[in-house]
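Below is the file run_12.csv, which contains CSV, N, CA and C atoms.
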```csv
chain,number,residue,atom,x,y,z
T,19,MET,N,40.2,131.9,126.3
T,19,MET,CA,40.7,130.7,125.7
T,19,MET,C,41.1,131.0,124.2
T,20,ASN,N,42.3,130.6,123.8
T,20,ASN,CA,42.8,130.9,122.5
T,20,ASN,C,42.4,129.7,121.6
T,21,GLN,N,41.6,130.0,120.6
T,21,GLN,CA,41.1,128.9,119.6
T,21,GLN,C,42.2,128.8,118.5
T,22,LYS,N,42.5,127.5,118.2
T,22,LYS,CA,43.5,127.2,117.1
T,22,LYS,C,42.9,127.6,115.8
T,23,GLN,N,43.7,128.3,115.0
T,23,GLN,CA,43.3,128.7,113.6
T,23,GLN,C,43.2,127.5,112.7
T,24,LEU,N,42.1,127.3,112.0
T,24,LEU,CA,42.0,126.3,111.0
T,24,LEU,C,43.0,126.4,109.9
T,25,PRO,N,43.4,125.3,109.4
T,25,PRO,CA,44.3,125.3,108.2
T,25,PRO,C,43.6,126.1,107.1
T,26,TRP,N,44.4,126.9,106.4
T,26,TRP,CA,43.9,127.5,105.2
T,26,TRP,C,43.9,126.4,104.1
T,27,ILE,N,43.1,126.7,103.0
T,27,ILE,CA,43.1,125.9,101.8
T,27,ILE,C,43.4,126.8,100.7
T,28,ILE,N,44.5,126.5,99.9
T,28,ILE,CA,44.9,127.3,98.8
T,28,ILE,C,44.7,126.5,97.5
T,29,LEU,N,44.0,127.0,96.6
T,29,LEU,CA,43.8,126.3,95.3
T,29,LEU,C,44.7,126.9,94.3
T,30,MET,N,45.6,126.1,93.7
T,30,MET,CA,46.5,126.7,92.7
T,30,MET,C,46.2,125.9,91.4
T,31,THR,N,45.8,126.7,90.4
T,31,THR,CA,45.4,126.1,89.1
T,31,THR,C,45.9,126.9,87.9
T,32,HIS,N,45.9,126.2,86.8
T,32,HIS,CA,46.0,126.9,85.5
T,32,HIS,C,44.7,127.6,85.2
T,33,GLY,N,44.7,128.9,84.8
T,33,GLY,CA,43.5,129.6,84.6
T,33,GLY,C,42.7,129.7,85.9
T,34,GLU,N,41.4,130.0,85.7
T,34,GLU,CA,40.6,130.2,86.9
T,34,GLU,C,39.8,129.0,87.3
T,35,ALA,N,40.3,127.8,87.1
T,35,ALA,CA,39.7,126.6,87.5
T,35,ALA,C,39.4,126.6,89.0
T,36,GLY,N,40.4,127.0,89.8
T,36,GLY,CA,40.2,127.1,91.3
T,36,GLY,C,39.1,128.0,91.7
T,37,VAL,N,39.0,129.1,91.1
T,37,VAL,CA,37.9,130.1,91.4
T,37,VAL,C,36.5,129.4,91.2
T,38,GLU,N,36.4,128.8,90.0
T,38,GLU,CA,35.1,128.1,89.7
T,38,GLU,C,34.9,126.9,90.6
T,39,LEU,N,35.9,126.2,91.0
T,39,LEU,CA,35.7,125.0,91.9
T,39,LEU,C,35.2,125.6,93.3
T,40,LYS,N,35.8,126.7,93.7
T,40,LYS,CA,35.4,127.2,95.0
T,40,LYS,C,33.9,127.6,94.9
T,41,ARG,N,33.5,128.3,93.8
T,41,ARG,CA,32.1,128.7,93.7
T,41,ARG,C,31.2,127.5,93.7
T,42,SER,N,31.6,126.4,93.0
T,42,SER,CA,30.8,125.2,93.0
T,42,SER,C,30.7,124.6,94.4
T,43,ALA,N,31.8,124.5,95.1
T,43,ALA,CA,31.8,124.0,96.5
T,43,ALA,C,30.9,124.8,97.4
T,44,GLU,N,30.9,126.1,97.2
T,44,GLU,CA,30.1,126.9,98.0
T,44,GLU,C,28.6,126.7,97.8
T,45,MET,N,28.2,126.2,96.6
T,45,MET,CA,26.8,125.9,96.3
T,45,MET,C,26.4,124.7,97.1
T,46,ILE,N,27.4,123.8,97.4
T,46,ILE,CA,27.1,122.6,98.2
T,46,ILE,C,27.3,122.7,99.7
T,47,ALA,N,28.4,123.4,100.1
T,47,ALA,CA,28.9,123.4,101.5
T,47,ALA,C,28.7,124.7,102.1
T,48,GLY,N,28.2,125.7,101.4
T,48,GLY,CA,28.1,127.1,102.0
T,48,GLY,C,29.4,127.8,101.8
T,49,GLU,N,29.4,129.1,102.3
T,49,GLU,CA,30.6,129.9,102.2
T,49,GLU,C,31.8,129.3,102.8
T,50,LEU,N,32.9,129.3,102.0
T,50,LEU,CA,34.2,128.7,102.5
T,50,LEU,C,35.1,129.8,103.0
T,51,GLN,N,35.5,129.7,104.3
T,51,GLN,CA,36.4,130.6,104.9
T,51,GLN,C,37.8,130.2,104.7
T,52,ASP,N,38.7,131.2,104.6
T,52,ASP,CA,40.1,131.0,104.4
T,52,ASP,C,40.4,130.0,103.3
T,53,VAL,N,39.7,130.1,102.2
T,53,VAL,CA,40.0,129.3,101.0
T,53,VAL,C,40.5,130.4,100.0
T,54,TYR,N,41.7,130.2,99.4
T,54,TYR,CA,42.2,131.2,98.5
T,54,TYR,C,42.6,130.6,97.2
T,55,CYS,N,42.4,131.3,96.1
T,55,CYS,CA,42.6,130.8,94.8
T,55,CYS,C,43.8,131.6,94.1
T,56,LEU,N,44.8,130.9,93.6
T,56,LEU,CA,45.9,131.5,92.9
T,56,LEU,C,45.8,130.9,91.5
T,57,SER,N,45.5,131.8,90.5
T,57,SER,CA,45.3,131.4,89.1
T,57,SER,C,46.5,131.8,88.3
T,58,LEU,N,47.1,130.8,87.7
T,58,LEU,CA,48.2,131.0,86.8
T,58,LEU,C,47.6,131.3,85.4
T,59,MET,N,47.7,132.6,85.0
T,59,MET,CA,47.1,133.0,83.8
T,59,MET,C,48.1,132.9,82.6
T,60,GLU,N,47.6,132.8,81.4
T,60,GLU,CA,48.5,132.7,80.2
T,60,GLU,C,49.4,133.9,80.2
T,61,GLY,N,50.7,133.7,80.0
T,61,GLY,CA,51.7,134.7,79.9
T,61,GLY,C,52.2,135.2,81.2
T,62,MET,N,51.7,134.7,82.3
T,62,MET,CA,52.1,135.1,83.6
T,62,MET,C,53.5,134.6,83.9
T,63,ASP,N,54.4,135.4,84.5
T,63,ASP,CA,55.7,135.0,84.9
T,63,ASP,C,55.6,134.0,86.1
T,64,PRO,N,56.2,132.8,86.0
T,64,PRO,CA,56.2,131.9,87.1
T,64,PRO,C,56.8,132.5,88.4
T,65,PHE,N,57.7,133.4,88.3
T,65,PHE,CA,58.3,134.0,89.5
T,65,PHE,C,57.3,134.9,90.1
T,66,ASP,N,56.5,135.6,89.4
T,66,ASP,CA,55.4,136.4,90.0
T,66,ASP,C,54.4,135.5,90.7
T,67,TYR,N,54.1,134.4,90.0
T,67,TYR,CA,53.1,133.4,90.6
T,67,TYR,C,53.7,132.9,92.0
T,68,ALA,N,55.0,132.6,92.0
T,68,ALA,CA,55.6,132.1,93.2
T,68,ALA,C,55.6,133.2,94.3
T,69,ARG,N,55.9,134.4,93.9
T,69,ARG,CA,55.8,135.5,94.8
T,69,ARG,C,54.5,135.7,95.4
T,70,GLU,N,53.4,135.5,94.6
T,70,GLU,CA,52.0,135.7,95.1
T,70,GLU,C,51.8,134.6,96.1
T,71,LEU,N,52.2,133.4,95.9
T,71,LEU,CA,52.1,132.3,96.9
T,71,LEU,C,52.8,132.6,98.1
T,72,GLY,N,54.1,133.0,98.0
T,72,GLY,CA,54.9,133.4,99.1
T,72,GLY,C,54.3,134.5,100.0
T,73,ASP,N,53.7,135.5,99.4
T,73,ASP,CA,53.0,136.6,100.1
T,73,ASP,C,51.8,136.0,100.9
T,74,LEU,N,51.1,135.1,100.3
T,74,LEU,CA,49.9,134.6,100.9
T,74,LEU,C,50.3,133.7,102.1
T,75,LEU,N,51.3,132.8,101.9
T,75,LEU,CA,51.8,131.9,102.9
T,75,LEU,C,52.4,132.6,104.1
T,76,ALA,N,52.9,133.9,103.9
T,76,ALA,CA,53.5,134.6,105.0
T,76,ALA,C,52.5,134.8,106.2
T,77,SER,N,51.2,134.8,105.9
T,77,SER,CA,50.2,134.9,106.9
T,77,SER,C,49.5,133.6,107.3
T,78,ALA,N,49.8,132.6,106.5
T,78,ALA,CA,49.1,131.3,106.7
T,78,ALA,C,49.5,130.5,107.8
T,79,PRO,N,48.6,129.7,108.4
T,79,PRO,CA,49.1,128.7,109.4
T,79,PRO,C,50.0,127.6,108.8
T,80,ASP,N,50.8,127.1,109.7
T,80,ASP,CA,51.8,126.1,109.2
T,80,ASP,C,51.2,124.9,108.6
T,81,ASP,N,50.0,124.5,109.0
T,81,ASP,CA,49.4,123.3,108.4
T,81,ASP,C,48.4,123.5,107.3
T,82,THR,N,48.7,124.6,106.6
T,82,THR,CA,47.9,125.0,105.4
T,82,THR,C,47.9,123.9,104.3
T,83,ILE,N,46.8,123.7,103.7
T,83,ILE,CA,46.6,122.7,102.6
T,83,ILE,C,46.6,123.4,101.3
T,84,ILE,N,47.5,122.9,100.4
T,84,ILE,CA,47.6,123.5,99.0
T,84,ILE,C,47.1,122.4,98.1
T,85,LEU,N,46.1,122.7,97.3
T,85,LEU,CA,45.6,121.7,96.3
T,85,LEU,C,45.9,122.3,94.9
T,86,THR,N,46.5,121.5,94.1
T,86,THR,CA,46.9,121.9,92.8
T,86,THR,C,46.2,121.1,91.7
T,87,ASP,N,46.1,121.6,90.5
T,87,ASP,CA,45.3,120.9,89.5
T,87,ASP,C,46.1,119.8,88.9
T,88,LEU,N,47.3,119.9,88.5
T,88,LEU,CA,48.0,118.9,87.7
T,88,LEU,C,49.4,118.7,88.2
T,89,PHE,N,49.7,117.4,88.6
T,89,PHE,CA,51.0,117.1,89.1
T,89,PHE,C,52.1,117.4,88.0
T,90,GLY,N,53.1,118.1,88.3
T,90,GLY,CA,54.2,118.4,87.4
T,90,GLY,C,54.0,119.7,86.7
T,91,GLY,N,52.8,120.3,86.8
T,91,GLY,CA,52.6,121.6,86.2
T,91,GLY,C,53.2,122.8,87.1
T,92,THR,N,53.2,124.0,86.6
T,92,THR,CA,53.7,125.1,87.3
T,92,THR,C,53.1,125.3,88.7
T,93,PRO,N,51.7,125.3,88.8
T,93,PRO,CA,51.1,125.4,90.1
T,93,PRO,C,51.6,124.4,91.1
T,94,SER,N,51.7,123.1,90.7
T,94,SER,CA,52.2,122.0,91.5
T,94,SER,C,53.6,122.2,91.9
T,95,ASN,N,54.5,122.5,90.9
T,95,ASN,CA,55.9,122.7,91.2
T,95,ASN,C,56.2,123.9,92.1
T,96,THR,N,55.4,125.0,91.9
T,96,THR,CA,55.5,126.2,92.7
T,96,THR,C,55.2,125.8,94.2
T,97,ALA,N,54.1,125.1,94.4
T,97,ALA,CA,53.7,124.7,95.7
T,97,ALA,C,54.7,123.8,96.4
T,98,ALA,N,55.3,122.9,95.6
T,98,ALA,CA,56.2,121.9,96.1
T,98,ALA,C,57.5,122.7,96.7
T,99,ALA,N,57.9,123.7,96.1
T,99,ALA,CA,59.0,124.5,96.5
T,99,ALA,C,58.8,125.1,97.9
T,100,PHE,N,57.5,125.4,98.2
T,100,PHE,CA,57.2,126.0,99.5
T,100,PHE,C,56.8,124.9,100.5
T,101,ALA,N,56.4,123.7,100.1
T,101,ALA,CA,56.0,122.7,101.0
T,101,ALA,C,57.1,122.2,101.9
T,102,ILE,N,58.3,122.3,101.4
T,102,ILE,CA,59.5,121.9,102.2
T,102,ILE,C,59.8,122.8,103.3
T,103,LYS,N,59.5,124.1,103.1
T,103,LYS,CA,59.8,125.1,104.1
T,103,LYS,C,59.1,125.0,105.4
T,104,LYS,N,57.8,124.7,105.3
T,104,LYS,CA,56.9,124.6,106.5
T,104,LYS,C,56.1,123.3,106.4
T,105,ASN,N,55.2,123.1,107.3
T,105,ASN,CA,54.4,121.9,107.3
T,105,ASN,C,53.1,122.0,106.4
T,106,TYR,N,53.4,122.3,105.1
T,106,TYR,CA,52.3,122.5,104.2
T,106,TYR,C,52.0,121.1,103.5
T,107,THR,N,50.7,120.8,103.5
T,107,THR,CA,50.3,119.6,102.7
T,107,THR,C,50.0,120.1,101.3
T,108,VAL,N,50.6,119.4,100.3
T,108,VAL,CA,50.4,119.8,98.9
T,108,VAL,C,49.9,118.5,98.2
T,109,LEU,N,48.7,118.6,97.6
T,109,LEU,CA,48.1,117.5,96.9
T,109,LEU,C,47.8,118.0,95.5
T,110,SER,N,48.0,117.1,94.5
T,110,SER,CA,47.7,117.5,93.1
T,110,SER,C,46.4,116.7,92.7
T,111,GLY,N,45.9,117.0,91.6
T,111,GLY,CA,44.7,116.4,91.0
T,111,GLY,C,43.4,117.0,91.5
T,112,LEU,N,43.4,118.3,91.9
T,112,LEU,CA,42.3,119.0,92.5
T,112,LEU,C,41.0,118.7,91.7
T,113,ASN,N,40.0,118.3,92.6
T,113,ASN,CA,38.6,118.2,92.1
T,113,ASN,C,37.7,118.6,93.1
T,114,LEU,N,36.4,118.7,92.8
T,114,LEU,CA,35.4,119.2,93.7
T,114,LEU,C,35.3,118.3,95.0
T,115,ALA,N,35.4,117.0,94.8
T,115,ALA,CA,35.3,116.1,96.0
T,115,ALA,C,36.4,116.4,97.0
T,116,MET,N,37.6,116.7,96.5
T,116,MET,CA,38.8,117.0,97.3
T,116,MET,C,38.6,118.2,98.1
T,117,LEU,N,38.1,119.3,97.4
T,117,LEU,CA,37.9,120.6,98.1
T,117,LEU,C,36.8,120.5,99.2
T,118,ILE,N,35.7,119.8,98.9
T,118,ILE,CA,34.6,119.7,99.9
T,118,ILE,C,35.1,118.8,101.1
T,119,GLU,N,35.9,117.8,100.8
T,119,GLU,CA,36.4,117.0,101.9
T,119,GLU,C,37.4,117.8,102.8
T,120,ALA,N,38.3,118.5,102.1
T,120,ALA,CA,39.2,119.3,102.9
T,120,ALA,C,38.5,120.3,103.7
T,121,GLU,N,37.4,121.0,103.2
T,121,GLU,CA,36.6,121.9,104.0
T,121,GLU,C,36.0,121.3,105.2
T,122,MET,N,35.4,120.1,104.9
T,122,MET,CA,34.6,119.4,106.0
T,122,MET,C,35.5,118.8,107.1
T,123,GLN,N,36.8,118.4,106.8
T,123,GLN,CA,37.6,117.7,107.7
T,123,GLN,C,38.7,118.5,108.3
T,124,ARG,N,39.0,119.7,107.8
T,124,ARG,CA,40.2,120.5,108.3
T,124,ARG,C,40.0,120.9,109.7
T,125,ASN,N,38.8,120.9,110.3
T,125,ASN,CA,38.7,121.2,111.7
T,125,ASN,C,38.8,120.0,112.6
T,126,VAL,N,38.9,118.8,112.0
T,126,VAL,CA,39.0,117.5,112.7
T,126,VAL,C,40.3,116.9,112.6
T,127,MET,N,40.9,116.9,111.4
T,127,MET,CA,42.2,116.3,111.1
T,127,MET,C,43.2,117.3,110.6
T,128,THR,N,44.5,116.9,110.8
T,128,THR,CA,45.6,117.7,110.2
T,128,THR,C,46.6,116.8,109.6
T,129,GLY,N,47.6,117.4,108.9
T,129,GLY,CA,48.7,116.7,108.4
T,129,GLY,C,48.4,115.5,107.5
T,130,GLU,N,49.2,114.5,107.7
T,130,GLU,CA,49.1,113.3,106.9
T,130,GLU,C,47.7,112.6,106.9
T,131,GLU,N,47.1,112.6,108.1
T,131,GLU,CA,45.8,112.1,108.3
T,131,GLU,C,44.8,112.8,107.4
T,132,LEU,N,44.8,114.1,107.4
T,132,LEU,CA,43.9,114.9,106.5
T,132,LEU,C,44.3,114.7,105.0
T,133,ALA,N,45.6,114.7,104.7
T,133,ALA,CA,46.0,114.4,103.3
T,133,ALA,C,45.4,113.1,102.8
T,134,GLU,N,45.6,112.0,103.6
T,134,GLU,CA,45.1,110.7,103.1
T,134,GLU,C,43.5,110.7,103.0
T,135,ASP,N,42.9,111.4,103.9
T,135,ASP,CA,41.4,111.5,103.8
T,135,ASP,C,41.0,112.2,102.5
T,136,ILE,N,41.6,113.3,102.2
T,136,ILE,CA,41.3,114.1,101.0
T,136,ILE,C,41.6,113.2,99.7
T,137,ILE,N,42.7,112.5,99.7
T,137,ILE,CA,43.0,111.6,98.6
T,137,ILE,C,42.0,110.5,98.4
T,138,LEU,N,41.6,109.9,99.6
T,138,LEU,CA,40.5,108.9,99.5
T,138,LEU,C,39.2,109.4,98.9
T,139,ALA,N,38.8,110.6,99.4
T,139,ALA,CA,37.6,111.3,98.8
T,139,ALA,C,37.7,111.5,97.3
T,140,ALA,N,38.9,111.9,96.9
T,140,ALA,CA,39.1,112.1,95.4
T,140,ALA,C,38.9,110.7,94.7
T,141,ARG,N,39.6,109.7,95.2
T,141,ARG,CA,39.5,108.4,94.5
T,141,ARG,C,38.1,107.8,94.5
T,142,GLU,N,37.4,107.9,95.7
T,142,GLU,CA,36.1,107.4,95.8
T,142,GLU,C,35.1,108.1,94.9
T,143,GLY,N,35.4,109.3,94.6
T,143,GLY,CA,34.5,110.1,93.7
T,143,GLY,C,34.6,109.8,92.2
T,144,ILE,N,35.6,108.9,91.9
T,144,ILE,CA,35.7,108.5,90.5
T,144,ILE,C,34.9,107.2,90.3
T,145,LYS,N,33.9,107.3,89.5
T,145,LYS,CA,33.1,106.1,89.2
T,145,LYS,C,32.7,106.1,87.7
T,146,ASN,N,32.6,104.9,87.2
T,146,ASN,CA,32.1,104.6,85.9
T,146,ASN,C,30.6,104.5,86.1
T,147,ILE,N,29.8,105.5,85.9
T,147,ILE,CA,28.4,105.5,86.2
T,147,ILE,C,27.6,104.5,85.3
T,148,ARG,N,28.0,104.4,84.0
T,148,ARG,CA,27.3,103.4,83.2
T,148,ARG,C,27.4,102.0,83.7
T,149,THR,N,28.6,101.6,84.1
T,149,THR,CA,28.8,100.3,84.7
T,149,THR,C,28.0,100.1,85.9
T,150,ILE,N,27.9,101.1,86.8
T,150,ILE,CA,27.1,101.0,88.0
T,150,ILE,C,25.7,100.8,87.7
T,151,MET,N,25.2,101.6,86.7
T,151,MET,CA,23.8,101.5,86.3
T,151,MET,C,23.5,100.1,85.7
T,152,GLU,N,24.4,99.6,84.9
T,152,GLU,CA,24.2,98.2,84.3
T,152,GLU,C,24.2,97.2,85.4
T,153,GLU,N,25.1,97.3,86.4
T,153,GLU,CA,25.1,96.3,87.5
T,153,GLU,C,23.7,96.4,88.3
T,154,ARG,N,23.2,97.6,88.5
T,154,ARG,CA,22.0,97.7,89.2
T,154,ARG,C,20.8,97.1,88.4
T,155,LYS,N,20.9,97.3,87.1
T,155,LYS,CA,19.8,96.8,86.2
T,155,LYS,C,19.8,95.2,86.3
T,156,LYS,N,20.9,94.6,86.5
T,156,LYS,CA,20.9,93.1,86.6
T,156,LYS,C,20.3,92.6,87.9
T,157,LYS,N,20.2,93.4,88.9
T,157,LYS,CA,19.7,93.0,90.2
T,157,LYS,C,18.2,92.9,90.2
```
As structure tokens, how would this structure be written, given the file I've shared?
Amino acid sequence: MNQKQLPWIILMTHGEAGVELKRSAEMIAGELQDVYCLSLMEGMDPFDYARELGDLLASAPDDTIILTDLFGGTPSNTAAAFAIKKNYTVLSGLNLAMLIEAEMQRNVMTGEELAEDIILAAREGIKNIRTIMEERKKK
């Protein structure tokens, strides 16, 4: 029986933010398989960065998930150029909640369903903790 390959997760960030997020996620979720980090370093040529992504995507499954740090930044714009070519999901605003959710759900969901689930996890992870604590104190 031929098992379907899980979508890859590619983290594209300014500097090594993706590398550090992957390390943090592994502290919580264990070792992450087929999660790759592409770091745009200071002075790096954007064409070299795009070539690095193209080389990685040449072996990636069609439903690969690309998570970028900042909408409109070079990592996001680079990923967008490749998203149109195949069925790649590209989401910006990368945070730890998104990465963990992508890891946990990529074997259950794909495509738009997975994208919406990752976005929901990111949104639900944003809380004003002081306000929550004040509300609990009133009860």
Exercise for the section: Within 6 Å of (47.6, 117.2, 88.1) (coordinates as in the file), grab all the protein and nucleic acid residues, counting all atoms listed in the file, and write them out as a VMD selection string. Expected result: chain T and resid 86 to 90 110 to 112
Exercise for the section: Name the residues of stretch 60-152 of chain T that fall into alpha helix (DSSP H) according to DSSP on the backbone, using the chain letters and numbers of this document, as a PyMOL selection string. Expected result: chain T and resi 64-75+92-101+114-123+129-142+147-152
Problem - Pick from T:Asp52, T:Val126, T:Thr107, T:Ile147 nearest to T:Asp80, counting all atoms listed in the file - result: T:Thr107
Practice task
Quote the spacing between atom CA of T:Glu130 and atom CA of T:Glu49 in Å to one decimal place.
Solution key: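 Separation of atom CA of T:Glu130 and atom CA of T:Glu49: 25.3 Å.
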Around (56.0, 130.2, 86.7), as given in the file, which residues come within 8 Å? Count all atoms listed in the file and list them as a short mmCIF file (atom, residue, chain, number, x, y, z; two decimals) with N, CA and C atoms, keeping the file's coordinate frame.
```cif
data_model
loop_
_atom_site.label_atom_id
_atom_site.label_comp_id
_atom_site.auth_asym_id
_atom_site.auth_seq_id
_atom_site.Cartn_x
_atom_site.Cartn_y
_atom_site.Cartn_z
N LEU T 58 47.10 130.80 87.70
CA LEU T 58 48.20 131.00 86.80
C LEU T 58 47.60 131.30 85.40
N MET T 62 51.70 134.70 82.30
CA MET T 62 52.10 135.10 83.60
C MET T 62 53.50 134.60 83.90
N ASP T 63 54.40 135.40 84.50
CA ASP T 63 55.70 135.00 84.90
C ASP T 63 55.60 134.00 86.10
N PRO T 64 56.20 132.80 86.00
CA PRO T 64 56.20 131.90 87.10
C PRO T 64 56.80 132.50 88.40
N PHE T 65 57.70 133.40 88.30
CA PHE T 65 58.30 134.00 89.50
C PHE T 65 57.30 134.90 90.10
N ASP T 66 56.50 135.60 89.40
CA ASP T 66 55.40 136.40 90.00
C ASP T 66 54.40 135.50 90.70
N TYR T 67 54.10 134.40 90.00
CA TYR T 67 53.10 133.40 90.60
C TYR T 67 53.70 132.90 92.00
N ALA T 68 55.00 132.60 92.00
CA ALA T 68 55.60 132.10 93.20
C ALA T 68 55.60 133.20 94.30
N GLY T 91 52.80 120.30 86.80
CA GLY T 91 52.60 121.60 86.20
C GLY T 91 53.20 122.80 87.10
N THR T 92 53.20 124.00 86.60
CA THR T 92 53.70 125.10 87.30
C THR T 92 53.10 125.30 88.70
N PRO T 93 51.70 125.30 88.80
CA PRO T 93 51.10 125.40 90.10
C PRO T 93 51.60 124.40 91.10
N THR T 96 55.40 125.00 91.90
CA THR T 96 55.50 126.20 92.70
C THR T 96 55.20 125.80 94.20
#
```
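Listed by chain and then by rising number, the residues of stretch 25-152 of chain T that DSSP assigns to strand (DSSP E or B) from the backbone are Ile27, Ile28, Leu29, Met30, Thr31, His32, Val53, Tyr54, Cys55, Leu56, Ser57, Leu58, Ile83, Ile84, Leu85, Thr86, Thr107, Val108, Leu109 and Ser110 of chain T.
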Problem - Closest of T:Ala140, T:Leu114, T:Met151, T:Leu56 to T:Leu39 - atom-to-atom distances counting only N, CA and C atoms - result: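 Answer, going by the shortest atom-to-atom distance: T:Leu114.
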Practice task
Find the distance between atom N of T:Ala43 and atom CA of T:Lys145 and write it in Å to one decimal.
Solution key: 19.4 Å
Completion exercise
re atom CA of T:Ala97 and atom CA of T:Leu50: distance 21.0 Å
Practice task
Counting only N, CA and C atoms, figure out which residue out of T:Leu29, T:Leu109, T:Ile137, T:Ile102 gets nearest to T:Val53.
Solution key: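 Once distances to T:Val53 are computed over only N, CA and C atoms, the minimum belongs to T:Leu29.
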Problem - Pick from T:Ile84, T:Leu75, T:Cys55, T:Ala47, whichever lies nearest to T:Ile118 using only N, CA and C atoms - result: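 Closest residue, counting only N, CA and C atoms: T:Ala47.
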Practice task
Go through T:Met116, T:Met127, T:Met59, T:Ala133 and flag the residue nearest T:Thr31, using all atoms listed in the file for the distances.
Solution key: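 Of all the options, T:Met59 lies closest to T:Thr31.
Candidate residues T:Ala115, T:Ile27, T:Ile136, T:Ile144 were compared for distance to T:Asp81, and the nearest is T:Ile27, using all atoms listed in the file.
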